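> This is upload.cif (mmCIF, C-alpha atoms).
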```cif
data_data
#
loop_
_atom_site.group_PDB
_atom_site.id
_atom_site.type_symbol
_atom_site.label_atom_id
_atom_site.label_comp_id
_atom_site.auth_asym_id
_atom_site.auth_seq_id
_atom_site.Cartn_x
_atom_site.Cartn_y
_atom_site.Cartn_z
ATOM 1 C CA MET A 1 41.730 -28.466 5.930
ATOM 2 C CA SER A 2 39.946 -28.443 2.551
ATOM 3 C CA LEU A 3 37.119 -26.040 1.726
ATOM 4 C CA ASP A 4 34.690 -28.921 1.277
ATOM 5 C CA SER A 5 35.299 -30.198 4.810
ATOM 6 C CA MET A 6 34.289 -26.826 6.250
ATOM 7 C CA LEU A 7 31.038 -26.504 4.327
ATOM 8 C CA SER A 8 27.558 -27.337 5.504
ATOM 9 C CA HIS A 9 25.889 -29.982 3.348
ATOM 10 C CA ARG A 10 22.552 -30.024 5.170
ATOM 11 C CA GLY A 11 20.704 -28.415 2.268
ATOM 12 C CA GLY A 12 21.736 -31.234 -0.052
ATOM 13 C CA ILE A 13 21.129 -33.911 2.576
ATOM 14 C CA TRP A 14 17.538 -32.795 3.143
ATOM 15 C CA PHE A 15 16.923 -32.210 -0.564
ATOM 16 C CA ASP A 16 17.912 -35.825 -1.253
ATOM 17 C CA ALA A 17 15.969 -37.143 1.738
ATOM 18 C CA LEU A 18 12.723 -35.350 0.869
ATOM 19 C CA THR A 19 12.803 -35.962 -2.886
ATOM 20 C CA ASN A 20 14.346 -39.449 -2.800
ATOM 21 C CA GLY A 21 15.989 -38.711 -6.153
ATOM 22 C CA ALA A 22 12.677 -38.240 -7.966
ATOM 23 C CA GLY A 23 11.898 -35.614 -10.598
ATOM 24 C CA VAL A 24 15.296 -33.940 -10.576
ATOM 25 C CA ILE A 25 15.487 -30.943 -12.940
ATOM 26 C CA ASP A 26 18.739 -29.671 -14.418
ATOM 27 C CA SER A 27 19.102 -26.142 -13.053
ATOM 28 C CA GLY A 28 22.251 -25.489 -15.061
ATOM 29 C CA LEU A 29 24.173 -25.007 -11.803
ATOM 30 C CA ARG A 30 25.734 -27.399 -9.318
ATOM 31 C CA SER A 31 24.815 -24.933 -6.563
ATOM 32 C CA VAL A 32 21.050 -24.893 -7.191
ATOM 33 C CA ARG A 33 19.131 -28.152 -6.929
ATOM 34 C CA VAL A 34 15.552 -28.475 -8.159
ATOM 35 C CA ALA A 35 13.147 -31.406 -8.227
ATOM 36 C CA ASP A 36 9.438 -32.075 -8.657
ATOM 37 C CA ALA A 37 8.664 -34.843 -6.177
ATOM 38 C CA ALA A 38 5.652 -36.292 -4.399
ATOM 39 C CA LEU A 39 4.544 -34.741 -1.136
ATOM 40 C CA GLY A 40 1.438 -36.472 0.105
ATOM 41 C CA SER A 41 -1.103 -36.678 -2.697
ATOM 42 C CA GLU A 42 0.475 -33.967 -4.863
ATOM 43 C CA VAL A 43 3.741 -33.027 -6.491
ATOM 44 C CA ALA A 44 5.752 -30.187 -4.980
ATOM 45 C CA ARG A 45 8.731 -28.312 -6.338
ATOM 46 C CA PHE A 46 11.726 -28.594 -4.002
ATOM 47 C CA ILE A 47 14.547 -26.057 -4.315
ATOM 48 C CA ALA A 48 17.848 -25.906 -2.427
ATOM 49 C CA VAL A 49 21.036 -23.857 -2.660
ATOM 50 C CA VAL A 50 24.102 -25.965 -1.866
ATOM 51 C CA PRO A 51 27.878 -25.386 -1.767
ATOM 52 C CA ASP A 52 29.879 -25.703 -4.957
ATOM 53 C CA ALA A 53 33.630 -25.600 -4.399
ATOM 54 C CA GLN A 54 34.129 -25.140 -8.165
ATOM 55 C CA ASN A 55 31.692 -22.239 -8.552
ATOM 56 C CA ARG A 56 32.948 -19.792 -11.201
ATOM 57 C CA PHE A 57 32.403 -16.993 -8.659
ATOM 58 C CA PRO A 58 34.776 -17.630 -5.710
ATOM 59 C CA ARG A 59 32.536 -15.683 -3.317
ATOM 60 C CA ALA A 60 29.677 -18.124 -3.938
ATOM 61 C CA ARG A 61 31.424 -21.398 -3.178
ATOM 62 C CA ALA A 62 30.260 -21.955 0.401
ATOM 63 C CA GLY A 63 26.513 -22.075 -0.097
ATOM 64 C CA GLU A 64 25.991 -18.357 -0.628
ATOM 65 C CA VAL A 65 23.325 -16.955 -2.935
ATOM 66 C CA GLY A 66 25.341 -15.312 -5.679
ATOM 67 C CA LEU A 67 24.558 -13.869 -9.094
ATOM 68 C CA ASP A 68 23.960 -17.211 -10.814
ATOM 69 C CA GLU A 69 22.048 -18.598 -7.844
ATOM 70 C CA GLY A 70 19.702 -15.611 -7.542
ATOM 71 C CA TRP A 71 18.720 -15.684 -11.206
ATOM 72 C CA ALA A 72 18.373 -19.492 -11.176
ATOM 73 C CA LEU A 73 16.058 -19.379 -8.155
ATOM 74 C CA ALA A 74 13.919 -16.771 -9.879
ATOM 75 C CA ARG A 75 13.776 -18.776 -13.101
ATOM 76 C CA HIS A 76 12.693 -22.032 -11.473
ATOM 77 C CA VAL A 77 10.127 -20.439 -9.171
ATOM 78 C CA HIS A 78 8.604 -18.511 -12.079
ATOM 79 C CA ALA A 79 8.535 -21.719 -14.119
ATOM 80 C CA THR A 80 6.523 -23.392 -11.370
ATOM 81 C CA PHE A 81 3.618 -20.981 -11.472
ATOM 82 C CA ALA A 82 3.813 -20.598 -15.246
ATOM 83 C CA GLN A 83 3.293 -24.369 -15.533
ATOM 84 C CA SER A 84 0.372 -24.181 -13.093
ATOM 85 C CA ALA A 85 -1.506 -21.468 -14.981
ATOM 86 C CA GLY A 86 -5.171 -22.382 -15.059
ATOM 87 C CA GLY A 87 -4.677 -25.391 -12.795
ATOM 88 C CA ALA A 88 -3.914 -26.321 -9.201
ATOM 89 C CA ARG A 89 -1.242 -24.215 -7.533
ATOM 90 C CA ARG A 90 1.586 -26.573 -6.663
ATOM 91 C CA PRO A 91 3.494 -26.209 -3.378
ATOM 92 C CA ILE A 92 7.017 -24.827 -3.492
ATOM 93 C CA ILE A 93 9.408 -26.008 -0.783
ATOM 94 C CA ALA A 94 12.512 -23.893 -0.181
ATOM 95 C CA ILE A 95 15.117 -25.941 1.695
ATOM 96 C CA VAL A 96 17.281 -23.350 3.424
ATOM 97 C CA ASP A 97 20.932 -23.622 4.425
ATOM 98 C CA VAL A 98 22.509 -20.425 3.116
ATOM 99 C CA SER A 99 25.381 -18.591 4.793
ATOM 100 C CA SER A 100 24.869 -15.177 3.131
ATOM 101 C CA GLN A 101 24.605 -13.460 -0.198
ATOM 102 C CA ALA A 102 27.888 -13.469 -2.118
ATOM 103 C CA TYR A 103 30.062 -10.493 -1.209
ATOM 104 C CA GLY A 104 32.583 -9.341 -3.789
ATOM 105 C CA ARG A 105 33.553 -6.627 -6.260
ATOM 106 C CA ARG A 106 32.364 -8.721 -9.205
ATOM 107 C CA GLU A 107 29.028 -9.307 -7.529
ATOM 108 C CA GLU A 108 28.520 -5.606 -6.847
ATOM 109 C CA LEU A 109 29.478 -4.608 -10.391
ATOM 110 C CA LEU A 110 27.231 -7.240 -11.992
ATOM 111 C CA GLY A 111 24.216 -6.537 -9.796
ATOM 112 C CA ILE A 112 23.955 -8.975 -6.894
ATOM 113 C CA HIS A 113 21.094 -6.786 -5.621
ATOM 114 C CA LEU A 114 19.146 -7.453 -8.820
ATOM 115 C CA ALA A 115 19.737 -11.213 -8.716
ATOM 116 C CA CYS A 116 18.638 -11.524 -5.086
ATOM 117 C CA ALA A 117 15.686 -9.187 -5.653
ATOM 118 C CA ALA A 118 14.577 -11.290 -8.623
ATOM 119 C CA ALA A 119 14.574 -14.413 -6.447
ATOM 120 C CA ALA A 120 12.657 -12.712 -3.631
ATOM 121 C CA ASP A 121 10.161 -11.302 -6.138
ATOM 122 C CA ALA A 122 9.625 -14.730 -7.699
ATOM 123 C CA TYR A 123 8.830 -16.342 -4.356
ATOM 124 C CA ALA A 124 6.517 -13.458 -3.412
ATOM 125 C CA SER A 125 4.780 -13.621 -6.811
ATOM 126 C CA ALA A 126 4.245 -17.373 -6.427
ATOM 127 C CA ARG A 127 2.834 -16.867 -2.943
ATOM 128 C CA LEU A 128 0.455 -14.134 -4.084
ATOM 129 C CA ALA A 129 -0.608 -16.282 -7.044
ATOM 130 C CA GLY A 130 -1.819 -18.939 -4.609
ATOM 131 C CA HIS A 131 1.097 -21.350 -4.452
ATOM 132 C CA PRO A 132 1.790 -22.573 -0.912
ATOM 133 C CA VAL A 133 5.402 -21.508 -0.432
ATOM 134 C CA ILE A 134 6.998 -23.262 2.539
ATOM 135 C CA ALA A 135 10.524 -22.657 3.832
ATOM 136 C CA LEU A 136 12.288 -25.414 5.746
ATOM 137 C CA LEU A 137 15.303 -24.149 7.681
ATOM 138 C CA VAL A 138 17.825 -26.968 8.094
ATOM 139 C CA GLY A 139 20.995 -24.897 8.586
ATOM 140 C CA LYS A 140 21.962 -21.238 8.357
ATOM 141 C CA ALA A 141 19.457 -18.669 7.111
ATOM 142 C CA MET A 142 21.612 -15.590 6.972
ATOM 143 C CA SER A 143 21.499 -12.095 5.579
ATOM 144 C CA GLY A 144 20.346 -11.356 2.016
ATOM 145 C CA ALA A 145 20.523 -15.045 1.119
ATOM 146 C CA PHE A 146 17.566 -15.816 3.392
ATOM 147 C CA LEU A 147 15.682 -12.807 2.016
ATOM 148 C CA ALA A 148 16.209 -14.210 -1.487
ATOM 149 C CA HIS A 149 15.573 -17.860 -0.634
ATOM 150 C CA GLY A 150 12.947 -18.622 1.982
ATOM 151 C CA TYR A 151 11.832 -15.474 3.757
ATOM 152 C CA GLN A 152 8.942 -14.789 1.374
ATOM 153 C CA ALA A 153 7.345 -18.117 2.292
ATOM 154 C CA ASN A 154 3.787 -18.350 3.582
ATOM 155 C CA ARG A 155 5.049 -20.537 6.416
ATOM 156 C CA ILE A 156 8.540 -21.058 7.832
ATOM 157 C CA LEU A 157 9.467 -24.314 9.555
ATOM 158 C CA ALA A 158 12.811 -24.927 11.231
ATOM 159 C CA LEU A 159 14.637 -27.892 12.695
ATOM 160 C CA ASP A 160 15.481 -27.466 16.372
ATOM 161 C CA SER A 161 19.260 -27.692 16.069
ATOM 162 C CA PRO A 162 22.182 -25.535 17.283
ATOM 163 C CA GLN A 163 23.398 -25.206 13.683
ATOM 164 C CA VAL A 164 20.109 -23.682 12.532
ATOM 165 C CA MET A 165 20.661 -19.940 12.810
ATOM 166 C CA VAL A 166 18.895 -16.820 11.552
ATOM 167 C CA HIS A 167 20.309 -13.303 11.489
ATOM 168 C CA ALA A 168 20.920 -10.255 9.321
ATOM 169 C CA MET A 169 24.688 -10.867 9.331
ATOM 170 C CA GLY A 170 27.280 -13.249 10.693
ATOM 171 C CA LYS A 171 28.706 -12.754 14.169
ATOM 172 C CA GLN A 172 32.127 -11.692 12.906
ATOM 173 C CA ALA A 173 30.621 -9.126 10.526
ATOM 174 C CA ALA A 174 28.269 -7.804 13.221
ATOM 175 C CA ALA A 175 31.209 -7.440 15.599
ATOM 176 C CA ARG A 176 33.193 -5.460 13.014
ATOM 177 C CA VAL A 177 30.291 -3.165 12.178
ATOM 178 C CA THR A 178 29.576 -2.417 15.839
ATOM 179 C CA ARG A 179 33.284 -2.231 16.747
ATOM 180 C CA SER A 180 32.643 -4.888 19.322
ATOM 181 C CA SER A 181 33.655 -8.504 19.831
ATOM 182 C CA VAL A 182 31.996 -11.766 18.923
ATOM 183 C CA GLU A 183 31.740 -12.526 22.625
ATOM 184 C CA LYS A 184 29.893 -9.246 23.210
ATOM 185 C CA MET A 185 27.468 -10.020 20.377
ATOM 186 C CA GLU A 186 26.752 -13.415 21.901
ATOM 187 C CA GLU A 187 26.215 -11.803 25.306
ATOM 188 C CA LEU A 188 23.719 -9.327 23.848
ATOM 189 C CA GLY A 189 21.943 -12.162 22.043
ATOM 190 C CA GLU A 190 21.295 -13.861 25.386
ATOM 191 C CA LYS A 191 19.490 -10.745 26.630
ATOM 192 C CA ILE A 192 17.823 -9.421 23.465
ATOM 193 C CA ALA A 193 16.023 -12.022 21.339
ATOM 194 C CA PRO A 194 16.219 -10.123 17.994
ATOM 195 C CA MET A 195 20.019 -9.979 18.351
ATOM 196 C CA ALA A 196 20.395 -13.707 18.978
ATOM 197 C CA TYR A 197 21.380 -16.244 16.330
ATOM 198 C CA ASP A 198 19.888 -19.463 17.656
ATOM 199 C CA ILE A 199 16.621 -20.746 16.242
ATOM 200 C CA ARG A 200 14.879 -20.959 19.615
ATOM 201 C CA SER A 201 15.329 -17.225 20.123
ATOM 202 C CA TYR A 202 14.057 -16.613 16.591
ATOM 203 C CA ALA A 203 11.001 -18.740 17.351
ATOM 204 C CA LYS A 204 10.155 -16.391 20.248
ATOM 205 C CA LEU A 205 9.585 -13.584 17.711
ATOM 206 C CA GLY A 206 6.570 -15.409 16.294
ATOM 207 C CA LEU A 207 7.920 -15.744 12.771
ATOM 208 C CA LEU A 208 7.988 -19.536 12.654
ATOM 209 C CA TYR A 209 5.038 -21.738 11.835
ATOM 210 C CA LYS A 210 6.692 -24.652 13.631
ATOM 211 C CA LEU A 211 9.944 -25.498 15.379
ATOM 212 C CA VAL A 212 10.410 -29.209 14.679
ATOM 213 C CA GLU A 213 12.105 -30.909 17.611
ATOM 214 C CA GLY A 214 13.771 -34.282 18.001
ATOM 215 C CA ILE A 215 15.133 -34.536 14.444
ATOM 216 C CA ASP A 216 18.628 -35.680 13.474
ATOM 217 C CA ALA A 217 19.420 -32.728 11.226
ATOM 218 C CA ASP A 218 22.735 -34.076 9.912
ATOM 219 C CA ALA A 219 21.805 -37.703 9.242
ATOM 220 C CA PRO A 220 18.016 -37.983 9.129
ATOM 221 C CA GLY A 221 16.554 -41.456 9.356
ATOM 222 C CA ARG A 222 13.315 -42.622 7.789
ATOM 223 C CA THR A 223 11.260 -41.575 10.822
ATOM 224 C CA ASP A 224 12.858 -38.113 10.792
ATOM 225 C CA VAL A 225 12.086 -37.632 7.111
ATOM 226 C CA GLU A 226 8.488 -38.783 7.468
ATOM 227 C CA ARG A 227 7.945 -36.445 10.405
ATOM 228 C CA VAL A 228 9.273 -33.488 8.445
ATOM 229 C CA ARG A 229 7.185 -34.428 5.413
ATOM 230 C CA ALA A 230 4.107 -34.510 7.658
ATOM 231 C CA GLU A 231 4.966 -31.061 9.028
ATOM 232 C CA LEU A 232 5.392 -29.713 5.493
ATOM 233 C CA MET A 233 1.995 -31.072 4.488
ATOM 234 C CA SER A 234 0.434 -29.543 7.604
ATOM 235 C CA ALA A 235 1.969 -26.176 6.696
ATOM 236 C CA ILE A 236 0.601 -26.462 3.149
ATOM 237 C CA THR A 237 -2.898 -27.190 4.455
ATOM 238 C CA ASP A 238 -2.681 -24.264 6.882
ATOM 239 C CA THR A 239 -1.480 -21.971 4.094
ATOM 240 C CA ARG A 240 -4.373 -22.855 1.817
ATOM 241 C CA ALA A 241 -6.818 -22.162 4.630
ATOM 242 C CA GLY A 242 -5.412 -18.668 5.180
ATOM 243 C CA SER A 243 -4.522 -15.562 3.213
ATOM 244 C CA SER A 244 -1.630 -15.154 0.802
ATOM 245 C CA ASP A 245 -0.047 -12.284 2.732
ATOM 246 C CA LEU A 246 2.361 -12.521 5.675
ATOM 247 C CA ALA A 247 0.034 -11.099 8.340
ATOM 248 C CA ASN A 248 0.278 -14.346 10.314
ATOM 249 C CA ARG A 249 3.791 -13.348 11.374
ATOM 250 C CA LEU A 250 2.331 -10.523 13.455
ATOM 251 C CA SER A 251 -0.781 -12.283 14.715
ATOM 252 C CA SER A 252 0.754 -15.304 16.452
ATOM 253 C CA PRO A 253 0.771 -15.341 20.277
ATOM 254 C CA ALA A 254 4.587 -15.086 20.320
ATOM 255 C CA ALA A 255 4.541 -12.089 17.973
ATOM 256 C CA ARG A 256 1.889 -10.300 20.007
ATOM 257 C CA LYS A 257 4.087 -10.714 23.065
ATOM 258 C CA MET A 258 7.608 -10.135 21.703
ATOM 259 C CA ARG A 259 6.730 -7.724 18.866
ATOM 260 C CA ALA A 260 4.008 -5.705 20.547
ATOM 261 C CA ALA A 261 5.646 -2.400 19.604
ATOM 262 C CA SER A 262 5.906 -3.423 15.928
ATOM 263 C CA VAL A 263 2.256 -4.469 15.921
ATOM 264 C CA GLU A 264 1.210 -1.144 17.458
ATOM 265 C CA VAL A 265 3.328 0.915 15.033
ATOM 266 C CA ARG A 266 1.756 -0.869 12.079
ATOM 267 C CA ARG A 267 -1.715 -0.328 13.512
ATOM 268 C CA ARG A 268 -1.138 3.401 13.884
ATOM 269 C CA LEU A 269 0.400 3.715 10.418
ATOM 270 C CA ALA A 270 -2.591 1.925 8.885
ATOM 271 C CA GLU A 271 -4.964 4.132 10.881
ATOM 272 C CA GLN A 272 -3.298 7.303 9.606
ATOM 273 C CA TRP A 273 -3.085 6.000 6.042
ATOM 274 C CA ASN A 274 -6.755 5.066 5.955
ATOM 275 C CA ALA A 275 -7.735 8.408 7.469
ATOM 276 C CA ARG A 276 -5.992 10.248 4.613
ATOM 277 C CA SER A 277 -7.751 8.176 1.971
#
```
Is it possible to express this structure as structure tokens?


Amino acid sequence: MSLDSMLSHRGGIWFDALTNGAGVIDSGLRSVRVADAALGSEVARFIAVVPDAQNRFPRARAGEVGLDEGWALARHVHATFAQSAGGARRPIIAIVDVSSQAYGRREELLGIHLACAAAADAYASARLAGHPVIALLVGKAMSGAFLAHGYQANRILALDSPQVMVHAMGKQAAARVTRSSVEKMEELGEKIAPMAYDIRSYAKLGLLYKLVEGIDADAPGRTDVERVRAELMSAITDTRAGSSDLANRLSSPAARKMRAASVEVRRRLAEQWNARS
């Protein structure tokens, strides 16, 4: 079985579907795709990380965010708000299907932490500068790759699909770290929502703006694409009506129920901090 046959191509599929080939920008990498395309009455910047079986870094060939990818994401996000200086803040759409950050000796020596941090900082800077940053989860959103590409978004949307998964690490890695088995990790995920991988469990934590149901995630038709475009525009409108921080992730009904302890800890920390000042 070839490497290409084992890779997820959802990021590229949805990038093509949402941009329709318009406004493609040369990112300098086959693994990072960028385009400025119409979304409703405005032009949004779409960004996706996709597999590249010929990537010069072997650890970044399966859709991981590696050294080149992290710096490229940062460059193109920064370019978006530099171009918007003094004008309307354009939306930025992060299409997410990333299996992890790239693990390897080369990556560690050359500063994978700096590349991923630069990408995360760029998205956060764009958000704080007033750009509606929307993440659309169409496949895996795993580990440091999701932190670098998507997690800093004002609003996170996800397709309701078994292949859409969110977690700090893959099941095999989690099993090794905990000296357990993959089966045990799956069993725990059924009982404890934060330990689960499936997107419906993640939605229970209150971190999603919308779980989009009834979409063919692998081969979207015209109706599927138009529905997702409408959801993206709704998220942009909601973002512009709110604040630029991420407080909404703790104020949703699901968050107040499933993350009550986190909400209370933050309240007490803020209370003590303000009392000292």

> For Arg45 in chain A, which residue among A:Ile92, A:Asp224, A:Tyr209, A:Asp218 is the nearest when counting only C-alpha atoms?

A:Ile92

> When distances are computed from all atoms listed in the file, which of A:Pro132, A:Gly63, A:Gly242, A:Gly23 shows the smallest separation from Asp97 in chain A?

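Looking at the shortest contact to Asp97 in chain A, the residue is A:Gly63.
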
> Quick one: apply the PyMOL selection byres ((chain A and resi 67) around 6) to the file and drop the selected residues here as a list in words.

Gly66, Asp68, Glu69, Gly70, Ile112 and Ala115 of chain A

> So what does the PyMOL selection byres ((chain A and resi 133-138) around 7) actually pick up in this one, as a list in words?

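Answer for the PyMOL selection byres ((chain A and resi 133-138) around 7): Arg10, Gly11, Pro91, Ile92, Ile93, Ala94, Ile95, Val96, Asp97, Arg127, His131, Pro132, Gly139, Ala141, Gly150, Ala153, Asn154, Arg155, Ile156, Leu157, Ala158, Leu159, Val164 and Ala217 of chain A.
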
> Using the chain letters and numbers from the file, give me the residues hit by the PyMOL selection byres ((chain A and resi 64) around 7), as an NGL selection string.

:A and (60-63 or 65-66 or 98-102 or 145)

> To one decimal place, how far is CA of Ile47 in chain A from CA of Ala122 in chain A in Å?

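CA of Ala122 in chain A lies at a distance of 12.8 Å from CA of Ile47 in chain A.
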
> Calculate how many Å separate CA of Val263 in chain A from CA of Leu205 in chain A, rounding to one decimal.

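A separation of 11.8 Å between them.
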
> For the atom pair CA of Ala247 in chain A and CA of Val265 in chain A, what is the interatomic distance in Å to one decimal place?

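If I compute the distance from CA of Ala247 in chain A to CA of Val265 in chain A, I get 14.1 Å.
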
> Each residue of range 213-252 of chain A with at least one atom at most 12 Å from range 192-203 of chain A should appear once, together with its nearest atom pair and the corresponding distance in Å (one decimal); atoms considered: only C-alpha atoms; ordering: chain, then increasing residue number; output as JSON lines.


```
{"residue": "A:Glu213", "atom": "CA", "partner": "A:Arg200", "partner_atom": "CA", "distance": 10.5}
{"residue": "A:Arg249", "atom": "CA", "partner": "A:Ala203", "partner_atom": "CA", "distance": 10.8}
{"residue": "A:Ser252", "atom": "CA", "partner": "A:Ala203", "partner_atom": "CA", "distance": 10.8}
```

> Looking at all atoms listed in the file, which of A:Arg268, A:Ala119, A:Glu190, A:Glu107 is the one that sits closest to Arg59 in chain A?

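Smallest distance to Arg59 in chain A is found for A:Glu107.
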
> With distances taken over only C-alpha atoms, which of A:Gln83, A:Ala120, A:Asp216, A:Ala37 is nearest to Ile13 in chain A?

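Under the stated criterion, the closest residue is A:Asp216.
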
> Ranking A:Leu207, A:Leu39, A:Ala44, A:Val32 by minimum distance to Ala74 in chain A and counting all atoms listed in the file, which one comes first?

A:Val32

> Could you give me the centre and size, in Å to one decimal, of an axis-aligned box around all listed atoms of range 91-95 of chain A with 3 Å added on every side, as lines of an AutoDock Vina configuration file?


```
center_x = 9.3
center_y = -25.1
center_z = -0.9
size_x = 17.6
size_y = 8.3
size_z = 11.2
```

> Ranking A:Phe81, A:Phe146, A:Phe15, A:Tyr151 by minimum distance to Leu128 in chain A and counting all atoms listed in the file, which one comes first?

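Of the candidates, the smallest distance to Leu128 in chain A is held by A:Phe81.
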
> May I have the residues within 10 Å of Ala17 in chain A as a PyMOL selection string, using all atoms listed in the file and disregarding those fewer than 5 positions away in the same chain?

chain A and resi 11-12+219-222+224-226+229

> So that I can look at just that part, could you write range 144-161 of chain A with N, CA and C atoms, as a PDB file, in the first residue's frame?


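out.pdb, written as the output of this step:
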```pdb
ATOM      1  N   GLY A 144      -0.169  19.415  18.535  1.00  0.00           N
ATOM      2  CA  GLY A 144       0.349  20.753  18.291  1.00  0.00           C
ATOM      3  C   GLY A 144      -0.023  21.308  16.934  1.00  0.00           C
ATOM      4  N   ALA A 145      -0.383  20.440  15.990  1.00  0.00           N
ATOM      5  CA  ALA A 145      -0.791  20.911  14.668  1.00  0.00           C
ATOM      6  C   ALA A 145      -2.074  21.725  14.753  1.00  0.00           C
ATOM      7  N   PHE A 146      -3.029  21.272  15.562  1.00  0.00           N
ATOM      8  CA  PHE A 146      -4.277  22.012  15.735  1.00  0.00           C
ATOM      9  C   PHE A 146      -4.026  23.308  16.500  1.00  0.00           C
ATOM     10  N   LEU A 147      -3.116  23.276  17.460  1.00  0.00           N
ATOM     11  CA  LEU A 147      -2.775  24.507  18.186  1.00  0.00           C
ATOM     12  C   LEU A 147      -2.198  25.543  17.215  1.00  0.00           C
ATOM     13  N   ALA A 148      -1.411  25.069  16.250  1.00  0.00           N
ATOM     14  CA  ALA A 148      -0.773  25.980  15.298  1.00  0.00           C
ATOM     15  C   ALA A 148      -1.717  26.411  14.184  1.00  0.00           C
ATOM     16  N   HIS A 149      -2.661  25.562  13.839  1.00  0.00           N
ATOM     17  CA  HIS A 149      -3.527  25.816  12.682  1.00  0.00           C
ATOM     18  C   HIS A 149      -4.985  25.552  13.042  1.00  0.00           C
ATOM     19  N   GLY A 150      -5.646  26.573  13.594  1.00  0.00           N
ATOM     20  CA  GLY A 150      -7.078  26.452  13.827  1.00  0.00           C
ATOM     21  C   GLY A 150      -7.558  26.767  15.226  1.00  0.00           C
ATOM     22  N   TYR A 151      -6.777  26.421  16.243  1.00  0.00           N
ATOM     23  CA  TYR A 151      -7.302  26.538  17.602  1.00  0.00           C
ATOM     24  C   TYR A 151      -7.433  27.982  18.072  1.00  0.00           C
ATOM     25  N   GLN A 152      -6.696  28.897  17.462  1.00  0.00           N
ATOM     26  CA  GLN A 152      -6.784  30.302  17.850  1.00  0.00           C
ATOM     27  C   GLN A 152      -7.954  31.026  17.176  1.00  0.00           C
ATOM     28  N   ALA A 153      -8.797  30.298  16.489  1.00  0.00           N
ATOM     29  CA  ALA A 153      -9.915  30.910  15.778  1.00  0.00           C
ATOM     30  C   ALA A 153     -10.957  31.493  16.727  1.00  0.00           C
ATOM     31  N   ASN A 154     -11.628  32.543  16.263  1.00  0.00           N
ATOM     32  CA  ASN A 154     -12.755  33.092  17.023  1.00  0.00           C
ATOM     33  C   ASN A 154     -13.858  32.053  17.171  1.00  0.00           C
ATOM     34  N   ARG A 155     -14.127  31.329  16.091  1.00  0.00           N
ATOM     35  CA  ARG A 155     -15.179  30.327  16.078  1.00  0.00           C
ATOM     36  C   ARG A 155     -14.659  29.063  15.397  1.00  0.00           C
ATOM     37  N   ILE A 156     -15.028  27.913  15.959  1.00  0.00           N
ATOM     38  CA  ILE A 156     -14.633  26.626  15.396  1.00  0.00           C
ATOM     39  C   ILE A 156     -15.890  25.889  14.944  1.00  0.00           C
ATOM     40  N   LEU A 157     -15.928  25.536  13.670  1.00  0.00           N
ATOM     41  CA  LEU A 157     -16.993  24.705  13.121  1.00  0.00           C
ATOM     42  C   LEU A 157     -16.396  23.343  12.801  1.00  0.00           C
ATOM     43  N   ALA A 158     -17.233  22.314  12.835  1.00  0.00           N
ATOM     44  CA  ALA A 158     -16.750  20.973  12.509  1.00  0.00           C
ATOM     45  C   ALA A 158     -17.826  20.196  11.770  1.00  0.00           C
ATOM     46  N   LEU A 159     -17.398  19.378  10.825  1.00  0.00           N
ATOM     47  CA  LEU A 159     -18.323  18.477  10.150  1.00  0.00           C
ATOM     48  C   LEU A 159     -18.596  17.289  11.063  1.00  0.00           C
ATOM     49  N   ASP A 160     -19.844  16.871  11.113  1.00  0.00           N
ATOM     50  CA  ASP A 160     -20.232  15.724  11.935  1.00  0.00           C
ATOM     51  C   ASP A 160     -19.899  14.454  11.160  1.00  0.00           C
ATOM     52  N   SER A 161     -18.693  13.940  11.405  1.00  0.00           N
ATOM     53  CA  SER A 161     -18.196  12.776  10.676  1.00  0.00           C
ATOM     54  C   SER A 161     -17.287  11.965  11.592  1.00  0.00           C
TER      55      SER A 161
END
```
